[in-house]
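**Q** Before I ask anything, here is the structure I am working with.
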Amino acid sequence: MASTNLLVKEGIDAGAAEGLAVLAFQQTAGYGRQGRGWVSPLGGMYLSFLLRPAVRADELPSVSLVVGLAVREAVEGWLTSDQLRRAVGWKPCCGADRQPPAPADLLPEVSVKWPNDIMLGEGKVAGVSLELHRGAICVGVGANVLRNMTAAEVQGKYAPAFLSDALAGRCDPLLTRDAQTLSADQRCAIEGLAQVVLACLEPRYRAWRQRGFAACAAEYRSRQFLADRWVRMVNLDGGVIAEGVVEGVDERGSLLVRTAEGLRAVSSGEAHVQRTRRRP
């Protein structure tokens with residue numbers, strides 16, 4: 001499949017109802033936020049779906065943060081699922097060449113990085129894209145489920161993280177570069193994660209339509225990767241618009257950055273995070 005986003009946009013063109021969803025295990029022309037290429041090797045979850053919310057235009061960008069919360073919850077729960085364990089070949093009776101999965105309390109933290117990434121520890125495990133098309137929204141979600149050898153070729157500020165690594169406690173590829181198919185257990189694990197993402201989104205999306213991002217703001221603050229980190233925010237042309245320490249998000253989903261001049265609210269439509277580091 002070239003791109004799940006393209007199929008959803010075709011559905012929008014044809015007048016499809018809200019809720020249309022398309023899932024792929026591999027893409028040849030995937031793309032993410034602001035049209036950036038998204039490497040989509042076999043073994044990932046590539047999910048796109050159609051939303052038609054009746055809200056003000058200025059509220060639309062914050063739905064990507066709401067989707068991010070749903071993906072975060074789904075990933076966190078899926079790390080301890082039987083489906084994922086079967087997909088990575090883990091068996092309760094471990095031989096000398098196999099390590100048991102990490103206990104739930106030792107697994108890496110799953111958090112949301114404003115505005116559209118989901119982090120597993122310090123690595124990026126998933127991302128969300130939002131595309132307005134003919135009055136509707138095409139939402140794209142890409143998640144790294146099973147490590148593929150192609151992962152070594154992925155470029156970005158953060159190393160890719162995989163659910164399979166966190167469960168198995170190691171970074172061995174489960175799929176070779178030229179792999180063409182998935183096992184039944186591997187397909188089940190990816191399909192199951194997509195179903196959980198949509199189930200986690202439903203109540204949050206309903207609340208967002210009724211009360212805006214304020215309905216999810218407290219949860220977002222409690223799960224935020226950038227909290228108390230120094231960041232540099234740049235606009236689409238690369239110009240710096242804010243540098244300082246992240247204090248959270250406001251009721252509209254803007255990132256709150258404490259700069260030398262004071263507190264600055266930065267919206268996702270005007271900027272992205274160029275650099276970040278932990279405070280000393």
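Scheme for the structure tokens: letters A, B, ... for chains in order shown; per-chain residue numbers from 1; ligand numbers from 1 in order shown.
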Find the residues near Ala54 in chain A: any atom within 10 Å, counting only C-alpha atoms, skip ones fewer than 4 places away on the same chain, and give them as a PyMOL selection string.
**A** chain A and resi 60+136+209-210
**Q** Can you tell me which residues surround Val88 in chain A at a distance of at most 8 Å, considering only C-alpha atoms, apart from same-chain residues fewer than 4 positions away, and format the answer as a PyMOL selection string?
**A** chain A and resi 84+146+164+168+174+186
**Q** For the residues in that selection, give me C-alpha atoms as a tab-separated table (two decimals), in the first residue's frame.
**A**
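Okay, this is what ended up in again_25.tsv:
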```
chain	number	residue	atom	x	y	z
A	84	LEU	CA	2.51	-8.78	21.68
A	146	LEU	CA	8.11	-5.00	15.58
A	164	SER	CA	9.06	-5.47	20.73
A	168	ALA	CA	11.96	-8.58	25.01
A	174	LEU	CA	12.45	-9.49	14.33
A	186	GLN	CA	2.44	-10.61	14.34
```
**Q** Could you state the separation of CA of Pro115 in chain A and CA of Ser64 in chain A in Å, given to one decimal place?
**A**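 Atom-to-atom, CA of Pro115 in chain A and CA of Ser64 in chain A are spaced 7.4 Å apart.
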**Q** Smallest atom-to-atom distance to His133 in chain A: which of A:Leu50, A:Ala166, A:Ala265, A:Val240, using only C-alpha atoms?
**A**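 Looking at the shortest contact to His133 in chain A, the residue is A:Leu50.
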**Q** Considering only C-alpha atoms, state which residue in the set A:Val67, A:Met1, A:Val22, A:Val110 is at the smallest distance from Val197 in chain A.
**A**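 Of A:Val67, A:Met1, A:Val22, A:Val110, the one nearest Val197 in chain A is A:Val67, counting only C-alpha atoms.
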**Q** Which residues in range 59-254 of chain A does DSSP call alpha helix (DSSP H)? List them as JSON, numbers by chain.
**A** {"A": [63, 64, 65, 66, 67, 68, 69, 70, 71, 72, 73, 74, 75, 76, 77, 78, 82, 83, 84, 85, 86, 87, 163, 164, 165, 166, 167, 168, 184, 185, 186, 187, 188, 189, 190, 191, 192, 193, 194, 195, 196, 197, 198, 199, 200, 201, 202, 203, 204, 205, 206, 207, 208, 209, 210, 211, 217, 218, 219, 220, 221, 222]}
**Q** Quick one: everything within 10 Å of Val139 in chain A, counting only C-alpha atoms, minus sequence neighbours fewer than 5 positions away in the same chain. Send it as a PDB file with N, CA and C atoms, in the first residue's frame.
**A**
```pdb
ATOM      1  N   THR A   4      -1.960   4.996   3.757  1.00  0.00           N
ATOM      2  CA  THR A   4      -3.310   4.924   4.317  1.00  0.00           C
ATOM      3  C   THR A   4      -3.975   6.296   4.304  1.00  0.00           C
ATOM      4  N   ASN A   5      -3.187   7.352   4.452  1.00  0.00           N
ATOM      5  CA  ASN A   5      -3.754   8.703   4.398  1.00  0.00           C
ATOM      6  C   ASN A   5      -4.419   8.969   3.051  1.00  0.00           C
ATOM      7  N   VAL A   8      -7.819   7.338   2.886  1.00  0.00           N
ATOM      8  CA  VAL A   8      -8.826   8.046   3.669  1.00  0.00           C
ATOM      9  C   VAL A   8      -9.250   9.326   2.950  1.00  0.00           C
ATOM     10  N   LYS A   9      -8.306  10.034   2.345  1.00  0.00           N
ATOM     11  CA  LYS A   9      -8.673  11.246   1.612  1.00  0.00           C
ATOM     12  C   LYS A   9      -9.533  10.919   0.398  1.00  0.00           C
ATOM     13  N   ALA A  21     -11.750   3.928   8.662  1.00  0.00           N
ATOM     14  CA  ALA A  21     -10.375   3.669   9.107  1.00  0.00           C
ATOM     15  C   ALA A  21      -9.700   2.703   8.152  1.00  0.00           C
ATOM     16  N   GLY A  32       4.131  12.046   7.250  1.00  0.00           N
ATOM     17  CA  GLY A  32       3.659  12.460   8.562  1.00  0.00           C
ATOM     18  C   GLY A  32       3.287  13.923   8.588  1.00  0.00           C
ATOM     19  N   ARG A  33       3.537  14.567   9.739  1.00  0.00           N
ATOM     20  CA  ARG A  33       3.153  15.957   9.945  1.00  0.00           C
ATOM     21  C   ARG A  33       3.854  16.865   8.946  1.00  0.00           C
ATOM     22  N   LEU A  47      -2.039   3.512  10.623  1.00  0.00           N
ATOM     23  CA  LEU A  47      -3.484   3.637  10.758  1.00  0.00           C
ATOM     24  C   LEU A  47      -3.911   5.055  10.400  1.00  0.00           C
ATOM     25  N   SER A  48      -4.906   5.163   9.540  1.00  0.00           N
ATOM     26  CA  SER A  48      -5.494   6.468   9.224  1.00  0.00           C
ATOM     27  C   SER A  48      -6.998   6.373   9.380  1.00  0.00           C
ATOM     28  N   PHE A  49      -7.607   7.478   9.830  1.00  0.00           N
ATOM     29  CA  PHE A  49      -9.057   7.454   9.990  1.00  0.00           C
ATOM     30  C   PHE A  49      -9.634   8.840   9.740  1.00  0.00           C
ATOM     31  N   LEU A  50     -10.930   8.870   9.505  1.00  0.00           N
ATOM     32  CA  LEU A  50     -11.641  10.068   9.094  1.00  0.00           C
ATOM     33  C   LEU A  50     -12.465  10.630  10.248  1.00  0.00           C
ATOM     34  N   LEU A  51     -12.302  11.926  10.489  1.00  0.00           N
ATOM     35  CA  LEU A  51     -13.097  12.635  11.481  1.00  0.00           C
ATOM     36  C   LEU A  51     -13.806  13.813  10.816  1.00  0.00           C
ATOM     37  N   VAL A  63      -6.924  18.486  18.231  1.00  0.00           N
ATOM     38  CA  VAL A  63      -7.367  17.089  18.199  1.00  0.00           C
ATOM     39  C   VAL A  63      -6.179  16.143  18.035  1.00  0.00           C
ATOM     40  N   SER A  64      -5.076  16.628  17.437  1.00  0.00           N
ATOM     41  CA  SER A  64      -3.896  15.763  17.313  1.00  0.00           C
ATOM     42  C   SER A  64      -3.319  15.432  18.681  1.00  0.00           C
ATOM     43  N   VAL A  67      -5.570  12.719  20.107  1.00  0.00           N
ATOM     44  CA  VAL A  67      -5.220  11.429  19.511  1.00  0.00           C
ATOM     45  C   VAL A  67      -3.938  10.895  20.143  1.00  0.00           C
ATOM     46  N   VAL A 128       1.720  11.177  15.226  1.00  0.00           N
ATOM     47  CA  VAL A 128       0.376  11.507  14.761  1.00  0.00           C
ATOM     48  C   VAL A 128       0.469  12.630  13.743  1.00  0.00           C
ATOM     49  N   SER A 129      -0.274  12.505  12.655  1.00  0.00           N
ATOM     50  CA  SER A 129      -0.373  13.593  11.681  1.00  0.00           C
ATOM     51  C   SER A 129      -1.829  13.987  11.536  1.00  0.00           C
ATOM     52  N   LEU A 130      -2.048  15.229  11.167  1.00  0.00           N
ATOM     53  CA  LEU A 130      -3.391  15.774  11.021  1.00  0.00           C
ATOM     54  C   LEU A 130      -3.435  16.518   9.692  1.00  0.00           C
ATOM     55  N   GLU A 131      -4.402  16.191   8.867  1.00  0.00           N
ATOM     56  CA  GLU A 131      -4.493  16.814   7.551  1.00  0.00           C
ATOM     57  C   GLU A 131      -5.938  17.211   7.277  1.00  0.00           C
ATOM     58  N   LEU A 132      -6.155  18.501   7.054  1.00  0.00           N
ATOM     59  CA  LEU A 132      -7.484  18.974   6.677  1.00  0.00           C
ATOM     60  C   LEU A 132      -7.690  18.754   5.188  1.00  0.00           C
TER      61      LEU A 132
END
```
**Q** Looking only at strand (DSSP E) from DSSP on the backbone, list the matching residues of range 66-235 of chain A as a VMD selection string.
**A** chain A and resid 110 to 113 117 to 120 123 to 133 136 to 144 229 to 234
**Q** Nearest to Phe25 in chain A among A:Ala87, A:Leu201, A:Leu42, A:Leu256, with distances taken over only C-alpha atoms: which residue is it?
**A**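 The closest residue to Phe25 in chain A is A:Leu42.
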**Q** One decimal, Å: what's the distance from CA of Gly253 in chain A over to CA of Ala214 in chain A, could you say?
**A** 7.9 Å
**Q** Have a look at A:Val75, A:Val66, A:Leu167, A:Ala179 and name the one nearest to Gly43 in chain A; count only C-alpha atoms.
**A**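 Looking only at the distances to Gly43 in chain A, the closest residue turns out to be A:Ala179.
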**Q** Which one is closest to Pro108 in chain A: A:Pro61, A:Gly244, A:Gly123, A:Gly262? Count only C-alpha atoms.
**A**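 Of A:Pro61, A:Gly244, A:Gly123, A:Gly262, the one nearest Pro108 in chain A, counting only C-alpha atoms, is A:Gly123.
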